[in-house]
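Enquirer: Structure incoming, see below.
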Amino acid sequence: MDKVIGTAAEAVADIPDGATLAVGGFGLSGVPDVLIRALHAQGAQDLEVVSNNCGIDGRGLGVLLSAGRIARVTGSYVGENKEFARQYLSGELEVELIPQGTLAERLRAGGAGIPAFYTPAGVGTQVARGGLPWRYAAGGGTVAVASPRKETRDFAGRPHVLEHGITTDYALVRAWRGDRHGNLVFRHAAANFNPLAAMAGRVTVAEVEELVEPGGLRPGEIHLPGIYVQRVVALSAEEAADKHVEHLTTSASPPRGTVRA
């Protein structure tokens, strides 16, 4: 029952080349940075990643991307990562873009053992008709691999698209608190895709900012039960505090004497 692994390096040591990974996070919020850096040091290549986005240049999944370790990305958002866009448009990277809500449900469905479901999202677009560029030819310009047409079916007179649940070999997630049994609590917006990614992985590795003993979490506060988690890595205080801000915007102080409405 004790799922705690001594180090992040040990926790990702058996991830092989070509593995599929579900990775939590949204932008840079709730991203399992320590596990990603450990995987980068481990050296696995040709990884197929399922994540909302791919971090930014030099942070989050951007670390693996810039090292050429990722072969395919299933996600919703290219985001601020210029290297992601460059690799995709030059034909170096295969990318399956999915409506964000559909991606969330595909991960949840996979984790719940649901093989497929119908959704109205994407009806009347290339999501349903096919033809979205998954991979460009080397040098860019022409499409080498395009998305296939998806099955559609009417329910109550409204068309829906068939989408398949997603399961992956491994999942990497970050939680605020966790116990030795793998029960996890996520804090505020850092929950995002983390519970869904954890559900989808056959082997889920969670880095936790605070490790507590069994019984230290009240049943009602647990967001993800330990049945979905196989390995837990306790972060140091420095690792837990290392949270990068993607965009920091501040406003100028109002002139002295100004009264705000």
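Residues are named by chain letter and number: chains run A, B, ... in the order of the structure tokens, numbers start at 1 in each chain, and ligands are numbered from 1 in the order shown.
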What's the 8 Å shell around Gly79 (chain A), counting only C-alpha atoms, without same-chain residues fewer than 6 positions away, as a PDB file with all heavy atoms, in the first residue's frame?

Expert:
```pdb
ATOM      1  N   GLY A  27      -1.258  25.281 -19.236  1.00  0.00           N
ATOM      2  CA  GLY A  27      -0.227  26.306 -19.289  1.00  0.00           C
ATOM      3  C   GLY A  27       0.938  25.826 -18.455  1.00  0.00           C
ATOM      4  O   GLY A  27       1.508  24.771 -18.715  1.00  0.00           O
ATOM      5  N   ASN A  53      -1.543  21.206 -23.382  1.00  0.00           N
ATOM      6  CA  ASN A  53      -0.581  21.978 -24.174  1.00  0.00           C
ATOM      7  C   ASN A  53       0.812  21.430 -23.883  1.00  0.00           C
ATOM      8  O   ASN A  53       0.957  20.451 -23.155  1.00  0.00           O
ATOM      9  CB  ASN A  53      -0.669  23.473 -23.837  1.00  0.00           C
ATOM     10  CG  ASN A  53      -0.394  23.750 -22.381  1.00  0.00           C
ATOM     11  OD1 ASN A  53      -1.210  23.424 -21.510  1.00  0.00           O
ATOM     12  ND2 ASN A  53       0.754  24.341 -22.088  1.00  0.00           N
ATOM     13  N   CYS A  54       1.833  22.039 -24.442  1.00  0.00           N
ATOM     14  CA  CYS A  54       3.186  21.481 -24.322  1.00  0.00           C
ATOM     15  C   CYS A  54       4.120  22.445 -23.599  1.00  0.00           C
ATOM     16  O   CYS A  54       5.299  22.573 -23.972  1.00  0.00           O
ATOM     17  CB  CYS A  54       3.721  21.140 -25.709  1.00  0.00           C
ATOM     18  SG  CYS A  54       4.607  19.565 -25.778  1.00  0.00           S
ATOM     19  N   GLY A  55       3.614  23.097 -22.568  1.00  0.00           N
ATOM     20  CA  GLY A  55       4.455  23.995 -21.797  1.00  0.00           C
ATOM     21  C   GLY A  55       4.886  25.203 -22.604  1.00  0.00           C
ATOM     22  O   GLY A  55       4.226  25.615 -23.554  1.00  0.00           O
ATOM     23  N   ILE A  56       6.010  25.778 -22.217  1.00  0.00           N
ATOM     24  CA  ILE A  56       6.599  26.876 -22.972  1.00  0.00           C
ATOM     25  C   ILE A  56       8.051  26.516 -23.240  1.00  0.00           C
ATOM     26  O   ILE A  56       8.552  25.500 -22.756  1.00  0.00           O
ATOM     27  CB  ILE A  56       6.511  28.219 -22.212  1.00  0.00           C
ATOM     28  CG1 ILE A  56       7.312  28.165 -20.906  1.00  0.00           C
ATOM     29  CG2 ILE A  56       5.063  28.588 -21.937  1.00  0.00           C
ATOM     30  CD1 ILE A  56       7.390  29.485 -20.175  1.00  0.00           C
TER      31      ILE A  56
END
```

Enquirer: Pick out each residue of region 38-151 of chain A that DSSP on the backbone tags as alpha helix (DSSP H); I need them as a ChimeraX atom specification.

Expert: /A:38-42,62-66,82-89,100-112,126-129

Enquirer: My list of candidates is A:Val73, A:Ala44, A:Val34, A:Ala116. Which is closest to Leu235 (chain A) when distances are computed with only C-alpha atoms?

Expert: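 For Leu235 (chain A), the nearest of the candidates is A:Val34.
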
Enquirer: Between A:Glu209, A:Asp14, A:Asp169, A:Asp2, single out the one closest to Gly111 (chain A), counting only C-alpha atoms.

Expert: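 Looking only at the distances to Gly111 (chain A), the closest residue turns out to be A:Asp169.
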
Enquirer: Rank A:Leu21, A:Leu224, A:Leu35, A:Ala8 by their smallest atom-to-atom distance to Thr74 (chain A), using only C-alpha atoms, and report the top residue only.

Expert: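 Ranking A:Leu21, A:Leu224, A:Leu35, A:Ala8 by distance to Thr74 (chain A), first place goes to A:Leu21.
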
Enquirer: Which is closer to Ala144 (chain A) than all the others in A:Ile98, A:Leu89, A:Ala197, A:Ala191, using only C-alpha atoms?

Expert: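 Closest to Ala144 (chain A), using only C-alpha atoms: A:Leu89.
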
Enquirer: With a distance cut-off of 7 Å and only C-alpha atoms, select the neighbouring residues of Leu162 (chain A), excluding the residue or stretch itself and same-chain residues fewer than 5 positions from it, and output the selection as an mmCIF file with N, CA and C atoms, in the first residue's frame.

Expert:
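The resulting out-v8.cif:
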```cif
data_model
loop_
_atom_site.group_PDB
_atom_site.id
_atom_site.type_symbol
_atom_site.label_atom_id
_atom_site.label_comp_id
_atom_site.auth_asym_id
_atom_site.auth_seq_id
_atom_site.Cartn_x
_atom_site.Cartn_y
_atom_site.Cartn_z
ATOM 1 N N ALA A 116 -15.751 4.619 -25.824
ATOM 2 C CA ALA A 116 -16.076 5.699 -26.759
ATOM 3 C C ALA A 116 -17.363 6.386 -26.314
ATOM 4 N N PHE A 117 -17.599 7.576 -26.860
ATOM 5 C CA PHE A 117 -18.810 8.337 -26.531
ATOM 6 C C PHE A 117 -19.110 9.285 -27.684
ATOM 7 N N TYR A 118 -20.310 9.818 -27.707
ATOM 8 C CA TYR A 118 -20.709 10.786 -28.730
ATOM 9 C C TYR A 118 -20.776 12.180 -28.123
ATOM 10 N N THR A 119 -20.363 13.171 -28.915
ATOM 11 C CA THR A 119 -20.402 14.562 -28.465
ATOM 12 C C THR A 119 -20.786 15.469 -29.636
ATOM 13 N N LYS A 150 -14.693 10.948 -38.915
ATOM 14 C CA LYS A 150 -15.226 10.275 -37.741
ATOM 15 C C LYS A 150 -16.698 9.919 -37.941
ATOM 16 N N GLU A 151 -17.087 8.872 -37.301
ATOM 17 C CA GLU A 151 -18.486 8.445 -37.348
ATOM 18 C C GLU A 151 -19.371 9.493 -36.691
ATOM 19 N N THR A 152 -20.514 9.782 -37.306
ATOM 20 C CA THR A 152 -21.489 10.693 -36.705
ATOM 21 C C THR A 152 -22.838 9.983 -36.597
#
```

Enquirer: Name the residues in contact with Ile36 (chain A) at a cut-off of 12 Å, using only C-alpha atoms, excluding same-chain residues fewer than 3 positions from it; report them as a PyMOL selection string.

Expert: chain A and resi 8-9+11-13+15+21-25+31-33+39-44+49+54-55+58-65+69-70+171-174+205-207

Enquirer: I'd like to know which of A:Trp134, A:Ile166, A:Pro214, A:Gln126 is closest to Arg149 (chain A), using only C-alpha atoms.

Expert: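 Nearest candidate to Arg149 (chain A) out of A:Trp134, A:Ile166, A:Pro214, A:Gln126: A:Gln126.
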
Enquirer: Taking only C-alpha atoms into account, name the residue in A:Val208, A:Leu184, A:Leu217, A:Leu47 that is nearest to Ser236 (chain A).

Expert: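 The closest residue to Ser236 (chain A) is A:Val208.
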
Enquirer: Taking the DSSP assignment computed from this structure's backbone, write out as a PyMOL selection string all residues of region 75-253 of chain A that belong to strand (DSSP E or B).

Expert: chain A and resi 75+94-97+116-119+133-136+143-146+152-155+158-164+168-179+184-185+201-212+224+231-234

Enquirer: At what distance in Å, to one decimal, does CA of Ile222 (chain A) lie from CA of Asn183 (chain A)?

Expert: 6.4 Å

Enquirer: Name the residues in contact with Met1 (chain A) at a cut-off of 12 Å, using only C-alpha atoms, excluding same-chain residues fewer than 2 positions from it; report them as a ChimeraX atom specification.

Expert: /A:3-5,179-183,213-214,226-227,229-232

Enquirer: To one decimal in Å, tell me the separation between CA of Glu238 (chain A) and CA of Ala190 (chain A).

Expert: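 Between these atoms lies a distance of 18.0 Å.
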
Enquirer: Just the residues within 7 Å of Asn52 (chain A), please, counting only C-alpha atoms, with nothing from its chain fewer than 6 positions along; format it as a ChimeraX atom specification.

Expert: /A:26,75-77

Enquirer: Next, the residues of the selection above should be written as an mmCIF file, in the first residue's frame with N, CA and C atoms.

Expert:
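Ended up saving to out.cif:
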```cif
data_model
loop_
_atom_site.group_PDB
_atom_site.id
_atom_site.type_symbol
_atom_site.label_atom_id
_atom_site.label_comp_id
_atom_site.auth_asym_id
_atom_site.auth_seq_id
_atom_site.Cartn_x
_atom_site.Cartn_y
_atom_site.Cartn_z
ATOM 1 N N PHE A 26 -2.030 22.872 -17.064
ATOM 2 C CA PHE A 26 -2.706 23.767 -18.002
ATOM 3 C C PHE A 26 -1.846 25.016 -18.077
ATOM 4 N N GLY A 75 -3.365 17.185 -28.039
ATOM 5 C CA GLY A 75 -3.659 18.286 -27.135
ATOM 6 C C GLY A 75 -4.661 19.248 -27.728
ATOM 7 N N SER A 76 -4.823 20.383 -27.045
ATOM 8 C CA SER A 76 -5.821 21.368 -27.456
ATOM 9 C C SER A 76 -5.229 22.707 -27.834
ATOM 10 N N TYR A 77 -3.974 22.944 -27.465
ATOM 11 C CA TYR A 77 -3.472 24.304 -27.538
ATOM 12 C C TYR A 77 -1.966 24.298 -27.769
#
```
